[in-house]
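Have a look at the structure below before the remarks.
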Amino acid sequence: MNDQRVERPFNFMVPFWGKRYRDYFVDLCLPSLLAPNNIPLLRVEDGHRFLIATTREDWQAIEHLPIMERLRQHAMPTLIEVDSGTQSPTSADGEASATYASVLQYLTPCLKKLLEAAYRARAYGFQLCPDTLFSDGIVSSLLKYAHEGYHLVLCPALRQTEEAVLVDLISRDLLPARERLSMTGQALTIPPRVMADLFVRHLHPEMWIYEEDGPPLPPNSPFHYWRVPGNRGIILHTFYGGPILMDFAVVAESHSECLERGDFESVYYNENFANCNIHIIQDSDELCMVSLTPEKVNFAQPTIGKVRSIWMKKYEQLHNIRESMWYYIGRNHDVVRRELFHLSIRWHVADLDDVWKKEEQRIDRLINYAVGDYYSISKPPNTHRFPSMLKLHLDPRMLLAKVIRLLFFIMPVVLAAGSRLVNGVIVVARVLIRRIGFALCGNKVALRWWGWRLRKLRSGLIGRPFKEPGPPAP
């Protein structure tokens with residue numbers, strides 16, 4: 001397959017800084033990209049580059065490693081320097097959550113530099129993260145997509161637990177236990193179905209809250225996934241996908257300006273590729289990737305499990321899907337994410353059977369019932385049409401959602417608060433009636449107390465300070 005050529009070069013793009021993510025890149029990510037059917041299919045003479053957005057210090061730590069020398073045979077490593085001042089401080093042991101937060105905070109400006117560099121070459125872009133492993137065959141697939149004329153290819157993913165994945169790779173003799181691949185220059189070759197198995201079995205705890213058959217999903221869930229019976233795999237519907245191919249020949253010169261208005265995945269695809277030829281990776285046999293996250297790094301808010309009736313569980317499921325659809329797609333009229341969410345993403349370790357197909361059909365019916373109007377109104381040539389705000393607010397399902405929320409969630413709270421208020425009013429009224437009665441009967445204590453209350457009220461009305469101590473209450 002080494003004779004496969006494309007008209008324009010590939011520019012692989014990765015941002016990172018700091019030892020933790022630098023080691024991810026040279027010891028795991030890059031070796032997986034050097035598997036036989038990945039970057040070795042390319043020739044550096046054709047202008048392929050590996051753009052690395054990092055600090056000068058990090059670049060100097062990796063530029064002469066054996067793994068980088070091997071990369072130079074196929075794609076030229078190129079530094080896109082970022083300011084070392086963008087690094088947030090971490091603890092002496094490279095505390096994981098602080099490093100993770102640093103990456104999230106400064107990722108967008110780094111991506112902007114990478115996108116602009118790839119655009120100047122009018123290349124095919126492949127944007128990746130340093131803590132990601134890729135299955136063998138991903139570059140072979142990219143060559144095919146480029147020849148078929150796709151302008152954007154997205155590959156959805158979820159996060160996996162780093163420790164469990166690495167132990168599994170070592171036990172399979174795919175990853176050496178005592179050698180660093182960055183020092184040996186060896187490739188990390190992971191077949192697609194092995195990668196899919198790692199993906200399914202080692203989902204990070206941060207992802208557990210998005211399983212549809214688990215506790216109630218958090219509001220505006222970005223992921224909705226189902227486990228297929230019999231440990232066959234996972235079916236995912238998502239609003240997020242990693243760009244493994246972007247054709248910079250079809251985007252405008254101002255393509256990166258949108259990053260000033262939002263993060264990369266929220267704005268870049270829709271503003272630059274909405275009218276282009278897009279392909280979504282739906283099957284792990286096509287290609288697969290695993291995103292590594294330490295087990296202790298978990299920013300997901302836990303949800304509290306509770307006993308729910310079947311109809312209530314189904315209602316919550318439909319309502320969550322519809323609210324998520326509005327949050328990620330409806331309010332911004334995001335064409336790319338709309339098409340992405342409609343597709344079933346399949347991660348499986350064996351052939352798809354009737355059980356799998358039946359489950360997928362059930363989920364498709366659920367998705368269509370929850371948000372089918374987003375797709376019925378946008379059939380070609382009306383791909384840029386979305387349901388109106390009025391239609392969405394008057395939709396029977398949303399009205400039903402509001403009624404159920406009112407009856408089962410809001411009204412009990414209001415009634416409880418109202419009950420306490422009424423009881424309080426009754427208690428106060430009884431006290432006042434008793435004190436009025438005492439005063440009418442000529443009780444001197446009550447008359448003195450009411451006189452004091454009236455003088456205090458008058459002072460308050462005319463804005464005069466009132467310092468007279470209160471008499472004993474009757």
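All residue names refer to the structure tokens as shown: chains lettered A, B, ... in order, residues numbered from 1 in each chain, ligands numbered from 1 in order.
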If we count only C-alpha atoms, what is near A:Ala53 at a cut-off of 12 Å, once residues fewer than 6 positions away on the same chain are taken out, given as a PyMOL selection string?
-> chain A and resi 12-18+21-22+25+59+77-84+106-118+127-130
Keeping only C-alpha atoms, take the residues you just selected and write them out as a PDB file, in the first residue's frame.
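Output file result-v3.pdb is given in full below:
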ATOM      1  CA  PHE A  12      -0.919  15.828  11.489  1.00  0.00           C
ATOM      2  CA  MET A  13      -1.525  18.348  14.287  1.00  0.00           C
ATOM      3  CA  VAL A  14      -1.003  17.840  18.014  1.00  0.00           C
ATOM      4  CA  PRO A  15      -0.820  20.333  20.929  1.00  0.00           C
ATOM      5  CA  PHE A  16       0.810  19.538  24.275  1.00  0.00           C
ATOM      6  CA  TRP A  17       3.130  20.905  26.948  1.00  0.00           C
ATOM      7  CA  GLY A  18       4.624  19.491  30.111  1.00  0.00           C
ATOM      8  CA  TYR A  21       1.588  14.890  27.911  1.00  0.00           C
ATOM      9  CA  ARG A  22       4.962  14.923  26.217  1.00  0.00           C
ATOM     10  CA  PHE A  25       2.821  11.574  22.814  1.00  0.00           C
ATOM     11  CA  TRP A  59      10.491  20.319  21.732  1.00  0.00           C
ATOM     12  CA  PRO A  77       8.157  16.947  12.580  1.00  0.00           C
ATOM     13  CA  THR A  78       7.640  20.722  12.684  1.00  0.00           C
ATOM     14  CA  LEU A  79       7.593  22.910  15.779  1.00  0.00           C
ATOM     15  CA  ILE A  80       4.731  25.366  16.212  1.00  0.00           C
ATOM     16  CA  GLU A  81       6.052  27.166  19.263  1.00  0.00           C
ATOM     17  CA  VAL A  82       3.675  28.202  22.037  1.00  0.00           C
ATOM     18  CA  ASP A  83       4.455  30.481  24.945  1.00  0.00           C
ATOM     19  CA  SER A  84       5.750  28.608  27.954  1.00  0.00           C
ATOM     20  CA  TYR A 106      -5.029  26.696  26.601  1.00  0.00           C
ATOM     21  CA  LEU A 107      -6.066  24.207  23.956  1.00  0.00           C
ATOM     22  CA  THR A 108      -8.002  26.645  21.746  1.00  0.00           C
ATOM     23  CA  PRO A 109      -5.160  29.148  21.065  1.00  0.00           C
ATOM     24  CA  CYS A 110      -2.790  26.253  20.337  1.00  0.00           C
ATOM     25  CA  LEU A 111      -5.290  24.699  17.936  1.00  0.00           C
ATOM     26  CA  LYS A 112      -5.677  28.035  16.187  1.00  0.00           C
ATOM     27  CA  LYS A 113      -1.932  28.165  15.483  1.00  0.00           C
ATOM     28  CA  LEU A 114      -1.989  24.609  14.157  1.00  0.00           C
ATOM     29  CA  LEU A 115      -5.013  25.213  11.910  1.00  0.00           C
ATOM     30  CA  GLU A 116      -3.486  28.340  10.427  1.00  0.00           C
ATOM     31  CA  ALA A 117      -0.198  26.546   9.714  1.00  0.00           C
ATOM     32  CA  ALA A 118      -1.978  23.661   7.957  1.00  0.00           C
ATOM     33  CA  GLN A 127      -6.083  16.924  14.555  1.00  0.00           C
ATOM     34  CA  LEU A 128      -5.244  14.634  17.474  1.00  0.00           C
ATOM     35  CA  CYS A 129      -4.571  14.711  21.199  1.00  0.00           C
ATOM     36  CA  PRO A 130      -1.335  13.410  22.750  1.00  0.00           C
TER      37      PRO A 130
END
Picked from stretch 48-181 of chain A by DSSP as alpha helix (DSSP H), as a compact mmCIF listing (two decimals) with C-alpha atoms, in the first residue's frame:
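Result written to states.txt:
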# COMPACT_ATOMS: atom_id res chain seq x y z
CA ARG A 56 10.72 25.21 23.09
CA GLU A 57 11.71 23.22 26.18
CA ASP A 58 9.37 20.33 25.36
CA TRP A 59 10.49 20.32 21.73
CA GLN A 60 14.15 20.08 22.70
CA ALA A 61 13.32 17.14 24.97
CA ILE A 62 11.87 15.06 22.11
CA PRO A 66 14.61 7.49 18.12
CA ILE A 67 10.82 7.55 17.64
CA MET A 68 11.11 11.06 16.12
CA GLU A 69 13.88 9.91 13.78
CA ARG A 70 11.59 7.14 12.58
CA LEU A 71 8.78 9.66 12.07
CA ALA A 96 -3.13 14.88 36.94
CA SER A 97 -6.15 17.10 37.43
CA ALA A 98 -4.10 20.31 37.37
CA THR A 99 -2.39 19.25 34.14
CA TYR A 100 -5.74 18.27 32.63
CA ALA A 101 -7.23 21.67 33.51
CA SER A 102 -4.21 23.38 31.95
CA VAL A 103 -4.73 21.54 28.68
CA LEU A 104 -8.41 22.50 28.53
CA GLN A 105 -7.67 26.15 29.30
CA TYR A 106 -5.03 26.70 26.60
CA LEU A 107 -6.07 24.21 23.96
CA THR A 108 -8.00 26.65 21.75
CA PRO A 109 -5.16 29.15 21.07
CA CYS A 110 -2.79 26.25 20.34
CA LEU A 111 -5.29 24.70 17.94
CA LYS A 112 -5.68 28.04 16.19
CA LYS A 113 -1.93 28.17 15.48
CA LEU A 114 -1.99 24.61 14.16
CA LEU A 115 -5.01 25.21 11.91
CA GLU A 116 -3.49 28.34 10.43
CA ALA A 117 -0.20 26.55 9.71
CA ALA A 118 -1.98 23.66 7.96
CA TYR A 119 -4.18 26.09 6.01
CA ARG A 120 -1.15 27.88 4.54
CA ILE A 138 -6.25 4.68 10.35
CA VAL A 139 -3.96 6.31 7.75
CA SER A 140 -4.95 3.68 5.20
CA SER A 141 -8.53 4.79 5.77
CA LEU A 142 -7.54 8.48 5.51
CA LEU A 143 -5.99 7.89 2.10
CA LYS A 144 -9.24 6.24 1.00
CA TYR A 145 -11.37 9.12 2.31
CA ALA A 146 -9.19 11.68 0.55
CA HIS A 147 -9.44 9.79 -2.75
CA GLU A 162 -5.40 4.84 31.45
CA GLU A 163 -4.13 2.33 34.02
CA ALA A 164 -6.47 -0.47 32.91
CA VAL A 165 -5.74 0.04 29.20
CA LEU A 166 -1.95 -0.05 29.68
CA VAL A 167 -2.10 -3.18 31.86
CA ASP A 168 -4.27 -4.85 29.22
CA LEU A 169 -1.85 -3.93 26.40
CA ILE A 170 1.09 -5.29 28.38
CA SER A 171 -0.74 -8.54 29.15
CA LEU A 181 8.88 3.00 22.73
Would you mind listing what lies within 12 Å of A:Tyr328 as a PyMOL selection string, with only C-alpha atoms counted and same-chain residues fewer than 3 positions away left out?
-> chain A and resi 219-223+238-240+265-267+270+321-325+331-338+340-341
Using only C-alpha atoms, which residue out of A:Pro215, A:Gly437, A:Gly137, A:Gly242 lies closest to A:Ile280?
->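 With only C-alpha atoms as the atom set, the closest residue is A:Gly242.
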Choose the residue, out of A:Ile244, A:Ala274, A:Leu42, A:Val228, that has the smallest atom-to-atom separation from A:Glu359; count only C-alpha atoms.
-> A:Val228
Can you work out the spacing between atom CA of A:His204 and atom CA of A:Asp131 in Å, to one decimal?
-> 13.6 Å
DSSP says strand (DSSP E or B) for which residues of stretch 184-251 of chain A? Put them as JSON, numbers by chain?
-> {"A": [203, 211, 223, 224, 225, 226, 227, 228, 233, 234, 235, 236, 237, 238, 242, 243, 244, 245, 246, 247]}
Create the file for the chosen residues now, containing C-alpha atoms and written as a PDB file, in the first residue's frame.
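Below is the file selection.pdb, written as the result:
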ATOM      1  CA  LEU A 203     -14.611   3.109  29.943  1.00  0.00           C
ATOM      2  CA  GLU A 211     -25.104   5.300  30.065  1.00  0.00           C
ATOM      3  CA  PHE A 223     -23.146  11.543  25.022  1.00  0.00           C
ATOM      4  CA  HIS A 224     -25.918   8.936  25.040  1.00  0.00           C
ATOM      5  CA  TYR A 225     -24.769   5.325  24.911  1.00  0.00           C
ATOM      6  CA  TRP A 226     -26.282   1.879  25.375  1.00  0.00           C
ATOM      7  CA  ARG A 227     -24.565  -1.431  26.139  1.00  0.00           C
ATOM      8  CA  VAL A 228     -25.742  -4.165  23.796  1.00  0.00           C
ATOM      9  CA  GLY A 233     -20.371  -3.767  22.633  1.00  0.00           C
ATOM     10  CA  ILE A 234     -21.647  -0.183  22.798  1.00  0.00           C
ATOM     11  CA  ILE A 235     -23.966   1.903  20.632  1.00  0.00           C
ATOM     12  CA  LEU A 236     -23.336   5.637  20.923  1.00  0.00           C
ATOM     13  CA  HIS A 237     -25.215   8.747  19.816  1.00  0.00           C
ATOM     14  CA  THR A 238     -23.061  11.810  20.392  1.00  0.00           C
ATOM     15  CA  GLY A 242     -12.610  14.108  16.572  1.00  0.00           C
ATOM     16  CA  PRO A 243     -11.540  15.461  13.125  1.00  0.00           C
ATOM     17  CA  ILE A 244      -9.231  12.868  11.597  1.00  0.00           C
ATOM     18  CA  LEU A 245      -9.446  14.563   8.188  1.00  0.00           C
ATOM     19  CA  MET A 246     -10.059  18.237   7.336  1.00  0.00           C
ATOM     20  CA  ASP A 247      -9.579  19.488   3.785  1.00  0.00           C
TER      21      ASP A 247
END
With only C-alpha atoms as the basis for distance, which of A:Val422, A:Leu41, A:Met183, A:Leu152 is at the shortest distance from A:Tyr269?
->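 Going through A:Val422, A:Leu41, A:Met183, A:Leu152 one by one, the smallest distance to A:Tyr269 is for A:Leu152.
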From atom CA of A:Thr161 to atom CA of A:Val297 the spacing works out at 9.4 Å
Nearest candidate to A:Leu318 (options A:Phe386, A:Tyr268, A:Lys357, A:Leu217; using only C-alpha atoms) =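 Answer, going by the shortest atom-to-atom distance: A:Leu217.
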Closest of A:His348, A:Arg362, A:Arg122, A:Arg172 to A:Glu253 - atom-to-atom distances counting only C-alpha atoms =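 Once distances to A:Glu253 are computed over only C-alpha atoms, the minimum belongs to A:Arg122.
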Pick the closest to A:Pro381 from A:Asn275, A:His342, A:Glu257, A:Leu454: which is it, counting only C-alpha atoms?
-> A:Asn275
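In this model, the gap between atom CA of A:Gly330 and atom CA of A:Cys288 comes to 28.8 Å.
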